[in-house]
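Asks: My file is input-v8.txt. It has compact mmCIF, N, CA and C atoms:
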```txt
# COMPACT_ATOMS: atom_id res chain seq x y z
N MET A 78 0.86 -1.17 0.00
CA MET A 78 0.00 0.00 0.00
C MET A 78 0.90 1.23 0.00
N ALA A 79 0.64 2.15 -0.91
CA ALA A 79 1.45 3.35 -1.04
C ALA A 79 1.16 4.32 0.11
N ALA A 80 2.16 5.16 0.37
CA ALA A 80 2.02 6.12 1.47
C ALA A 80 0.88 7.10 1.19
N THR A 81 0.71 7.50 -0.08
CA THR A 81 -0.38 8.43 -0.40
C THR A 81 -1.74 7.78 -0.20
N GLU A 82 -1.83 6.51 -0.50
CA GLU A 82 -3.10 5.79 -0.30
C GLU A 82 -3.44 5.74 1.18
N THR A 83 -2.45 5.47 2.01
CA THR A 83 -2.66 5.45 3.46
C THR A 83 -3.03 6.84 3.96
N GLY A 84 -2.35 7.85 3.46
CA GLY A 84 -2.65 9.23 3.84
C GLY A 84 -4.07 9.62 3.46
N ASP A 85 -4.50 9.19 2.27
CA ASP A 85 -5.88 9.49 1.85
C ASP A 85 -6.89 8.80 2.74
N LYS A 86 -6.62 7.55 3.10
CA LYS A 86 -7.54 6.82 3.99
C LYS A 86 -7.61 7.49 5.35
N MET A 87 -6.47 7.92 5.86
CA MET A 87 -6.47 8.58 7.18
C MET A 87 -7.15 9.94 7.13
N ARG A 88 -7.02 10.64 6.01
CA ARG A 88 -7.71 11.93 5.88
C ARG A 88 -9.22 11.71 5.94
N ILE A 89 -9.69 10.67 5.26
CA ILE A 89 -11.11 10.33 5.30
C ILE A 89 -11.53 10.00 6.73
N VAL A 90 -10.70 9.24 7.43
CA VAL A 90 -11.00 8.85 8.81
C VAL A 90 -11.11 10.08 9.71
N VAL A 91 -10.18 11.00 9.57
CA VAL A 91 -10.19 12.21 10.41
C VAL A 91 -11.44 13.05 10.12
N TYR A 92 -11.74 13.25 8.84
CA TYR A 92 -12.93 14.02 8.49
C TYR A 92 -14.19 13.33 9.00
N TYR A 93 -14.23 12.01 8.87
CA TYR A 93 -15.38 11.25 9.36
C TYR A 93 -15.52 11.40 10.88
N ALA A 94 -14.41 11.31 11.61
CA ALA A 94 -14.46 11.43 13.07
C ALA A 94 -14.99 12.81 13.48
N VAL A 95 -14.55 13.84 12.78
CA VAL A 95 -15.05 15.19 13.07
C VAL A 95 -16.55 15.27 12.76
N TRP A 96 -16.95 14.71 11.62
CA TRP A 96 -18.37 14.72 11.24
C TRP A 96 -19.21 13.94 12.25
N ALA A 97 -18.73 12.78 12.66
CA ALA A 97 -19.46 11.98 13.65
C ALA A 97 -19.61 12.75 14.95
N THR A 98 -18.56 13.47 15.35
CA THR A 98 -18.61 14.29 16.56
C THR A 98 -19.67 15.39 16.42
N VAL A 99 -19.69 16.04 15.27
CA VAL A 99 -20.67 17.11 15.03
C VAL A 99 -22.09 16.55 15.08
N CYS A 100 -22.32 15.42 14.41
CA CYS A 100 -23.67 14.83 14.39
C CYS A 100 -24.11 14.41 15.79
N ALA A 101 -23.21 13.81 16.55
CA ALA A 101 -23.54 13.41 17.92
C ALA A 101 -23.78 14.65 18.79
N ALA A 102 -23.00 15.70 18.58
CA ALA A 102 -23.18 16.93 19.35
C ALA A 102 -24.51 17.59 19.05
N VAL A 103 -24.90 17.63 17.78
CA VAL A 103 -26.19 18.22 17.42
C VAL A 103 -27.33 17.44 18.07
N ALA A 104 -27.26 16.13 18.02
CA ALA A 104 -28.29 15.30 18.66
C ALA A 104 -28.33 15.59 20.16
N GLY A 105 -27.17 15.68 20.79
CA GLY A 105 -27.11 15.95 22.22
C GLY A 105 -27.64 17.33 22.58
N VAL A 106 -27.33 18.32 21.77
CA VAL A 106 -27.82 19.67 22.03
C VAL A 106 -29.34 19.72 21.89
N LEU A 107 -29.87 19.06 20.86
CA LEU A 107 -31.33 19.02 20.71
C LEU A 107 -32.00 18.36 21.91
N ILE A 108 -31.42 17.27 22.37
CA ILE A 108 -31.98 16.58 23.54
C ILE A 108 -31.86 17.47 24.78
N ALA A 109 -30.75 18.17 24.92
CA ALA A 109 -30.57 19.07 26.08
C ALA A 109 -31.65 20.15 26.08
N LEU A 110 -31.94 20.71 24.91
CA LEU A 110 -32.97 21.74 24.82
C LEU A 110 -34.35 21.16 25.13
N ILE A 111 -34.66 20.00 24.55
CA ILE A 111 -35.95 19.36 24.81
C ILE A 111 -36.09 19.01 26.29
N HIS A 112 -35.04 18.46 26.86
CA HIS A 112 -35.07 18.08 28.28
C HIS A 112 -35.28 19.30 29.17
N THR A 113 -34.55 20.36 28.90
CA THR A 113 -34.62 21.55 29.74
C THR A 113 -36.01 22.18 29.69
N TRP A 114 -36.57 22.29 28.51
CA TRP A 114 -37.83 23.03 28.39
C TRP A 114 -39.08 22.18 28.57
N PHE A 115 -39.00 20.87 28.38
CA PHE A 115 -40.22 20.08 28.45
C PHE A 115 -40.22 19.01 29.54
N PHE A 116 -39.05 18.54 29.97
CA PHE A 116 -39.02 17.40 30.87
C PHE A 116 -38.47 17.69 32.26
N SER A 117 -37.88 18.85 32.46
CA SER A 117 -37.30 19.11 33.78
C SER A 117 -38.08 20.19 34.50
N TYR A 118 -38.19 20.01 35.80
CA TYR A 118 -38.82 21.03 36.62
C TYR A 118 -37.74 22.00 37.06
N THR A 119 -37.89 23.24 36.67
CA THR A 119 -36.94 24.27 37.07
C THR A 119 -37.72 25.42 37.70
N PRO A 120 -37.51 25.63 38.99
CA PRO A 120 -38.29 26.64 39.71
C PRO A 120 -37.96 28.09 39.33
N GLY A 121 -36.88 28.32 38.64
CA GLY A 121 -36.53 29.69 38.28
C GLY A 121 -35.51 29.71 37.17
N ARG A 122 -35.21 30.91 36.73
CA ARG A 122 -34.25 31.09 35.62
C ARG A 122 -32.87 30.52 35.93
N PRO A 123 -32.30 30.75 37.12
CA PRO A 123 -30.98 30.17 37.40
C PRO A 123 -30.98 28.64 37.33
N ALA A 124 -32.04 28.02 37.80
CA ALA A 124 -32.13 26.56 37.75
C ALA A 124 -32.27 26.08 36.31
N LEU A 125 -33.01 26.83 35.50
CA LEU A 125 -33.17 26.51 34.09
C LEU A 125 -31.82 26.56 33.38
N ILE A 126 -31.08 27.60 33.62
CA ILE A 126 -29.76 27.76 32.99
C ILE A 126 -28.80 26.68 33.49
N HIS A 127 -28.86 26.38 34.78
CA HIS A 127 -28.00 25.34 35.34
C HIS A 127 -28.28 23.99 34.68
N THR A 128 -29.56 23.66 34.53
CA THR A 128 -29.94 22.40 33.90
C THR A 128 -29.47 22.37 32.45
N LEU A 129 -29.70 23.46 31.72
CA LEU A 129 -29.32 23.51 30.31
C LEU A 129 -27.81 23.40 30.14
N VAL A 130 -27.05 24.14 30.91
CA VAL A 130 -25.59 24.09 30.79
C VAL A 130 -25.05 22.70 31.16
N GLY A 131 -25.59 22.13 32.22
CA GLY A 131 -25.16 20.77 32.60
C GLY A 131 -25.45 19.76 31.50
N ASP A 132 -26.64 19.85 30.91
CA ASP A 132 -27.00 18.94 29.82
C ASP A 132 -26.10 19.16 28.60
N LEU A 133 -25.82 20.42 28.28
CA LEU A 133 -24.97 20.71 27.12
C LEU A 133 -23.55 20.19 27.32
N VAL A 134 -23.00 20.38 28.50
CA VAL A 134 -21.64 19.89 28.79
C VAL A 134 -21.60 18.37 28.66
N THR A 135 -22.59 17.71 29.20
CA THR A 135 -22.66 16.25 29.11
C THR A 135 -22.76 15.81 27.66
N ALA A 136 -23.64 16.46 26.90
CA ALA A 136 -23.84 16.09 25.49
C ALA A 136 -22.56 16.27 24.68
N LEU A 137 -21.86 17.37 24.90
CA LEU A 137 -20.63 17.62 24.15
C LEU A 137 -19.51 16.66 24.55
N ALA A 138 -19.46 16.29 25.82
CA ALA A 138 -18.46 15.31 26.26
C ALA A 138 -18.72 13.94 25.64
N ILE A 139 -19.98 13.55 25.60
CA ILE A 139 -20.33 12.27 24.98
C ILE A 139 -20.00 12.30 23.49
N ALA A 140 -20.32 13.41 22.82
CA ALA A 140 -20.04 13.54 21.39
C ALA A 140 -18.53 13.46 21.13
N ALA A 141 -17.73 14.10 21.97
CA ALA A 141 -16.28 14.04 21.81
C ALA A 141 -15.77 12.61 21.97
N GLY A 142 -16.34 11.89 22.93
CA GLY A 142 -15.97 10.49 23.11
C GLY A 142 -16.33 9.64 21.91
N GLN A 143 -17.50 9.89 21.34
CA GLN A 143 -17.90 9.14 20.15
C GLN A 143 -17.00 9.47 18.96
N GLY A 144 -16.60 10.71 18.86
CA GLY A 144 -15.66 11.09 17.80
C GLY A 144 -14.33 10.36 17.96
N ALA A 145 -13.89 10.23 19.20
CA ALA A 145 -12.64 9.50 19.47
C ALA A 145 -12.78 8.02 19.10
N VAL A 146 -13.93 7.44 19.41
CA VAL A 146 -14.18 6.04 19.05
C VAL A 146 -14.18 5.89 17.53
N ALA A 147 -14.82 6.82 16.83
CA ALA A 147 -14.85 6.78 15.37
C ALA A 147 -13.44 6.91 14.80
N LEU A 148 -12.63 7.77 15.39
CA LEU A 148 -11.26 7.96 14.93
C LEU A 148 -10.42 6.70 15.14
N VAL A 149 -10.50 6.11 16.31
CA VAL A 149 -9.72 4.90 16.61
C VAL A 149 -10.18 3.74 15.73
N THR A 150 -11.49 3.56 15.62
CA THR A 150 -12.01 2.46 14.80
C THR A 150 -11.62 2.65 13.33
N GLY A 151 -11.80 3.85 12.83
CA GLY A 151 -11.44 4.14 11.44
C GLY A 151 -9.95 3.98 11.19
N SER A 152 -9.13 4.38 12.16
CA SER A 152 -7.67 4.23 12.02
C SER A 152 -7.28 2.76 11.96
N LEU A 153 -7.89 1.95 12.82
CA LEU A 153 -7.61 0.51 12.79
C LEU A 153 -8.03 -0.10 11.46
N LEU A 154 -9.17 0.30 10.96
CA LEU A 154 -9.63 -0.20 9.67
C LEU A 154 -8.67 0.20 8.55
N ALA A 155 -8.20 1.44 8.59
CA ALA A 155 -7.25 1.92 7.57
C ALA A 155 -5.95 1.12 7.62
N GLN A 156 -5.50 0.77 8.82
CA GLN A 156 -4.28 -0.03 8.95
C GLN A 156 -4.45 -1.42 8.35
N PHE A 157 -5.68 -1.91 8.33
CA PHE A 157 -5.96 -3.22 7.74
C PHE A 157 -6.36 -3.10 6.27
N GLY A 158 -6.13 -1.93 5.68
CA GLY A 158 -6.38 -1.75 4.26
C GLY A 158 -7.83 -1.49 3.88
N ARG A 159 -8.64 -1.11 4.83
CA ARG A 159 -10.05 -0.84 4.55
C ARG A 159 -10.27 0.67 4.46
N THR A 160 -11.24 1.05 3.65
CA THR A 160 -11.56 2.46 3.43
C THR A 160 -12.98 2.72 3.91
N LEU A 161 -13.19 3.87 4.51
CA LEU A 161 -14.54 4.24 4.93
C LEU A 161 -15.31 4.80 3.74
N ARG A 162 -16.55 4.36 3.60
CA ARG A 162 -17.44 4.82 2.54
C ARG A 162 -18.69 5.41 3.18
N LEU A 163 -19.34 6.29 2.44
CA LEU A 163 -20.62 6.88 2.88
C LEU A 163 -20.50 7.53 4.26
N THR A 164 -19.42 8.23 4.48
CA THR A 164 -19.14 8.79 5.81
C THR A 164 -20.18 9.81 6.26
N VAL A 165 -20.76 10.54 5.32
CA VAL A 165 -21.79 11.51 5.70
C VAL A 165 -22.98 10.77 6.29
N LEU A 166 -23.39 9.70 5.63
CA LEU A 166 -24.50 8.89 6.13
C LEU A 166 -24.16 8.23 7.47
N LEU A 167 -22.92 7.76 7.60
CA LEU A 167 -22.51 7.11 8.86
C LEU A 167 -22.60 8.09 10.03
N GLY A 168 -22.13 9.30 9.83
CA GLY A 168 -22.22 10.31 10.89
C GLY A 168 -23.66 10.63 11.25
N LEU A 169 -24.50 10.73 10.22
CA LEU A 169 -25.93 10.99 10.47
C LEU A 169 -26.57 9.84 11.23
N LEU A 170 -26.17 8.61 10.93
CA LEU A 170 -26.70 7.45 11.66
C LEU A 170 -26.30 7.50 13.14
N ILE A 171 -25.07 7.91 13.41
CA ILE A 171 -24.63 8.04 14.80
C ILE A 171 -25.47 9.09 15.53
N GLY A 172 -25.67 10.24 14.89
CA GLY A 172 -26.49 11.28 15.49
C GLY A 172 -27.92 10.84 15.69
N LEU A 173 -28.48 10.14 14.72
CA LEU A 173 -29.86 9.66 14.83
C LEU A 173 -29.99 8.64 15.95
N PHE A 174 -29.03 7.71 16.05
CA PHE A 174 -29.08 6.74 17.14
C PHE A 174 -29.03 7.45 18.48
N ASP A 175 -28.11 8.40 18.63
CA ASP A 175 -28.00 9.15 19.88
C ASP A 175 -29.32 9.82 20.23
N PHE A 176 -29.91 10.51 19.26
CA PHE A 176 -31.15 11.23 19.51
C PHE A 176 -32.24 10.28 19.98
N VAL A 177 -32.41 9.17 19.26
CA VAL A 177 -33.47 8.21 19.61
C VAL A 177 -33.20 7.61 20.99
N MET A 178 -31.95 7.22 21.26
CA MET A 178 -31.63 6.60 22.55
C MET A 178 -31.88 7.58 23.70
N PHE A 179 -31.37 8.81 23.56
CA PHE A 179 -31.53 9.79 24.63
C PHE A 179 -32.99 10.18 24.82
N PHE A 180 -33.72 10.33 23.70
CA PHE A 180 -35.13 10.70 23.80
C PHE A 180 -35.94 9.59 24.47
N LEU A 181 -35.65 8.36 24.10
CA LEU A 181 -36.33 7.22 24.73
C LEU A 181 -36.05 7.17 26.22
N GLN A 182 -34.80 7.38 26.60
CA GLN A 182 -34.45 7.35 28.02
C GLN A 182 -35.08 8.51 28.78
N MET A 183 -35.24 9.63 28.11
CA MET A 183 -35.86 10.79 28.76
C MET A 183 -37.37 10.59 28.89
N GLY A 184 -37.98 10.04 27.86
CA GLY A 184 -39.43 9.85 27.86
C GLY A 184 -39.90 8.64 28.64
N VAL A 185 -39.06 7.60 28.68
CA VAL A 185 -39.38 6.37 29.40
C VAL A 185 -38.21 6.08 30.34
N PRO A 186 -38.22 6.67 31.53
CA PRO A 186 -37.07 6.55 32.44
C PRO A 186 -36.67 5.11 32.78
N ALA A 187 -37.57 4.17 32.65
CA ALA A 187 -37.24 2.77 32.95
C ALA A 187 -36.21 2.21 31.96
N THR A 188 -36.04 2.86 30.80
CA THR A 188 -35.06 2.40 29.81
C THR A 188 -33.65 2.92 30.11
N GLU A 189 -33.52 3.80 31.10
CA GLU A 189 -32.21 4.32 31.49
C GLU A 189 -31.47 3.25 32.27
N LEU A 190 -30.34 2.80 31.73
CA LEU A 190 -29.59 1.70 32.35
C LEU A 190 -28.50 2.17 33.30
N GLY A 191 -28.14 3.42 33.24
CA GLY A 191 -27.04 3.95 34.04
C GLY A 191 -25.91 4.39 33.13
N TRP A 192 -24.96 5.13 33.69
CA TRP A 192 -23.90 5.70 32.86
C TRP A 192 -23.03 4.66 32.18
N LEU A 193 -22.56 3.68 32.92
CA LEU A 193 -21.64 2.70 32.33
C LEU A 193 -22.28 1.92 31.19
N PRO A 194 -23.46 1.34 31.37
CA PRO A 194 -24.08 0.66 30.23
C PRO A 194 -24.37 1.59 29.05
N ASP A 195 -24.78 2.82 29.35
CA ASP A 195 -25.04 3.78 28.27
C ASP A 195 -23.78 4.07 27.46
N ILE A 196 -22.68 4.28 28.15
CA ILE A 196 -21.42 4.56 27.46
C ILE A 196 -20.97 3.35 26.65
N ILE A 197 -21.12 2.16 27.20
CA ILE A 197 -20.76 0.94 26.48
C ILE A 197 -21.61 0.81 25.21
N ILE A 198 -22.89 1.07 25.33
CA ILE A 198 -23.78 1.01 24.16
C ILE A 198 -23.33 2.02 23.10
N LEU A 199 -23.05 3.25 23.51
CA LEU A 199 -22.65 4.28 22.56
C LEU A 199 -21.32 3.93 21.88
N VAL A 200 -20.38 3.37 22.63
CA VAL A 200 -19.10 2.96 22.05
C VAL A 200 -19.32 1.85 21.03
N LEU A 201 -20.10 0.84 21.40
CA LEU A 201 -20.33 -0.29 20.50
C LEU A 201 -21.09 0.14 19.24
N VAL A 202 -22.08 1.00 19.39
CA VAL A 202 -22.84 1.45 18.23
C VAL A 202 -21.97 2.30 17.32
N THR A 203 -21.17 3.19 17.88
CA THR A 203 -20.29 4.02 17.07
C THR A 203 -19.27 3.16 16.32
N ALA A 204 -18.66 2.22 17.01
CA ALA A 204 -17.70 1.32 16.35
C ALA A 204 -18.41 0.46 15.30
N GLY A 205 -19.59 -0.02 15.62
CA GLY A 205 -20.34 -0.85 14.69
C GLY A 205 -20.74 -0.10 13.42
N ILE A 206 -21.23 1.11 13.58
CA ILE A 206 -21.60 1.92 12.42
C ILE A 206 -20.36 2.19 11.57
N THR A 207 -19.23 2.45 12.21
CA THR A 207 -18.00 2.69 11.47
C THR A 207 -17.58 1.43 10.71
N LEU A 208 -17.68 0.27 11.35
CA LEU A 208 -17.34 -1.00 10.69
C LEU A 208 -18.26 -1.26 9.49
N ILE A 209 -19.52 -0.96 9.63
CA ILE A 209 -20.47 -1.17 8.54
C ILE A 209 -20.09 -0.32 7.33
N GLY A 210 -19.53 0.84 7.58
CA GLY A 210 -19.18 1.75 6.49
C GLY A 210 -17.83 1.51 5.86
N SER A 211 -17.17 0.43 6.21
CA SER A 211 -15.84 0.19 5.64
C SER A 211 -15.93 -0.77 4.46
N ALA A 212 -15.00 -0.60 3.53
CA ALA A 212 -14.93 -1.47 2.35
C ALA A 212 -13.49 -1.91 2.18
N SER A 213 -13.31 -3.16 1.74
CA SER A 213 -11.95 -3.64 1.50
C SER A 213 -11.38 -2.99 0.25
N ARG A 214 -10.11 -3.14 0.05
CA ARG A 214 -9.44 -2.52 -1.10
C ARG A 214 -10.08 -3.00 -2.39
N ALA A 215 -10.46 -4.27 -2.45
CA ALA A 215 -11.09 -4.82 -3.65
C ALA A 215 -12.43 -4.14 -3.92
N GLY A 216 -13.09 -3.70 -2.83
CA GLY A 216 -14.39 -3.05 -2.97
C GLY A 216 -14.29 -1.58 -3.33
N VAL A 217 -13.08 -1.02 -3.36
CA VAL A 217 -12.89 0.40 -3.63
C VAL A 217 -13.02 0.70 -5.08
```
Let me see whether you can do it: turn the structure in this file into structure tokens.
Replies:
Amino acid sequence: MAATETGDKMRIVVYYAVWATVCAAVAGVLIALIHTWFFSYTPGRPALIHTLVGDLVTALAIAAGQGAVALVTGSLLAQFGRTLRLTVLLGLLIGLFDFVMFFLQMGVPATELGWLPDIIILVLVTAGITLIGSASRAGV
């Protein structure tokens, strides 16, 4: 495999990881807004802002973690000669999964498993979506 081919694959991986982070962040921000205004009891403006900022920080931290998972998974795939395809769609799928999962947990609290299981699910789904979007060199 030529150095330029590897460089091109890694460039795709980096752009994909950034895109996945953006999609996950948008989903998280939307959920934070929905949660703050429709699902949380806030007795006053300071409590409202506190809830919103806390939700936003959490959402952005989770999105950054998913971007890191996408970067590591994509890098490993590139080392094995695989190329990521349909990266725009893959990032949108990550964001859509996040939105649905967070909305379900917010609307049906019994589906909330706790932080560790949630993080494990998000890592596995992000890695899985990335794996689905890879193609072997022959498929390129």
Asks: Please determine, counting only C-alpha atoms, which residue among A:Leu173, A:Leu167, A:Val134, A:Ile126 has the shortest atom-to-atom distance to Ile209 (chain A).
Replies: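 Ranked by minimum distance to Ile209 (chain A), first place goes to A:Leu167.
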Asks: Identify, on the basis of only C-alpha atoms, every residue whose closest approach to Val146 (chain A) does not exceed 7 Å; exclude the query and any residue fewer than 2 positions from it along the same chain; express the result as a ChimeraX atom specification.
Replies: /A:142-144,148-150,200,203-204
Asks: Between CA of Phe176 (chain A) and CA of Gly105 (chain A), measure the distance and give it in Å to one decimal.
Replies: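 It comes out at 6.8 Å.
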Asks: Quick one: pull the distance between atom N of Ile111 (chain A) and CA of Leu125 (chain A), Å, one decimal.
Replies: 11.6 Å
Asks: Could you check which of A:Phe179, A:Ile206, A:Ile197, A:Gly184 is closest to Leu107 (chain A), using only C-alpha atoms?
Replies: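 Ranked by minimum distance to Leu107 (chain A), first place goes to A:Phe179.
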Asks: Just list the residues in region 101-189 of chain A DSSP gives alpha helix (DSSP H) on the backbone, as a ChimeraX atom specification.
Replies: /A:101-111,122-156,164-184
Asks: Please, what distance in Å, to one decimal, runs between CA of Gly205 (chain A) and atom C of Gln156 (chain A)?
Replies: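 Rounded to one decimal, the two atoms are 17.1 Å apart.
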Asks: Choose the residue, out of A:Ile171, A:Val130, A:Leu201, A:Ala187, that has the smallest atom-to-atom separation from Ala102 (chain A); count all atoms listed in the file.
Replies: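 With all atoms listed in the file as the atom set, the closest residue is A:Ile171.
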Asks: Which residues, protein or nucleic acid, reach to within 8 Å of (-20.4, 11.1, 27.8) in the file's coordinates when using all atoms listed in the file, and can you give that as an NGL selection string?
Replies: :A and (134-143 or 195-196)
Asks: Those selected residues, please, written with N, CA and C atoms and delivered as a compact mmCIF listing (two decimals), in the coordinates of the input.
Replies:
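Once written, out_19.txt looks like this:
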```txt
# COMPACT_ATOMS: atom_id res chain seq x y z
N VAL A 134 -23.00 20.38 28.50
CA VAL A 134 -21.64 19.89 28.79
C VAL A 134 -21.60 18.37 28.66
N THR A 135 -22.59 17.71 29.20
CA THR A 135 -22.66 16.25 29.11
C THR A 135 -22.76 15.81 27.66
N ALA A 136 -23.64 16.46 26.90
CA ALA A 136 -23.84 16.09 25.49
C ALA A 136 -22.56 16.27 24.68
N LEU A 137 -21.86 17.37 24.90
CA LEU A 137 -20.63 17.62 24.15
C LEU A 137 -19.51 16.66 24.55
N ALA A 138 -19.46 16.29 25.82
CA ALA A 138 -18.46 15.31 26.26
C ALA A 138 -18.72 13.94 25.64
N ILE A 139 -19.98 13.55 25.60
CA ILE A 139 -20.33 12.27 24.98
C ILE A 139 -20.00 12.30 23.49
N ALA A 140 -20.32 13.41 22.82
CA ALA A 140 -20.04 13.54 21.39
C ALA A 140 -18.53 13.46 21.13
N ALA A 141 -17.73 14.10 21.97
CA ALA A 141 -16.28 14.04 21.81
C ALA A 141 -15.77 12.61 21.97
N GLY A 142 -16.34 11.89 22.93
CA GLY A 142 -15.97 10.49 23.11
C GLY A 142 -16.33 9.64 21.91
N GLN A 143 -17.50 9.89 21.34
CA GLN A 143 -17.90 9.14 20.15
C GLN A 143 -17.00 9.47 18.96
N ASP A 195 -24.78 2.82 29.35
CA ASP A 195 -25.04 3.78 28.27
C ASP A 195 -23.78 4.07 27.46
N ILE A 196 -22.68 4.28 28.15
CA ILE A 196 -21.42 4.56 27.46
C ILE A 196 -20.97 3.35 26.65
```
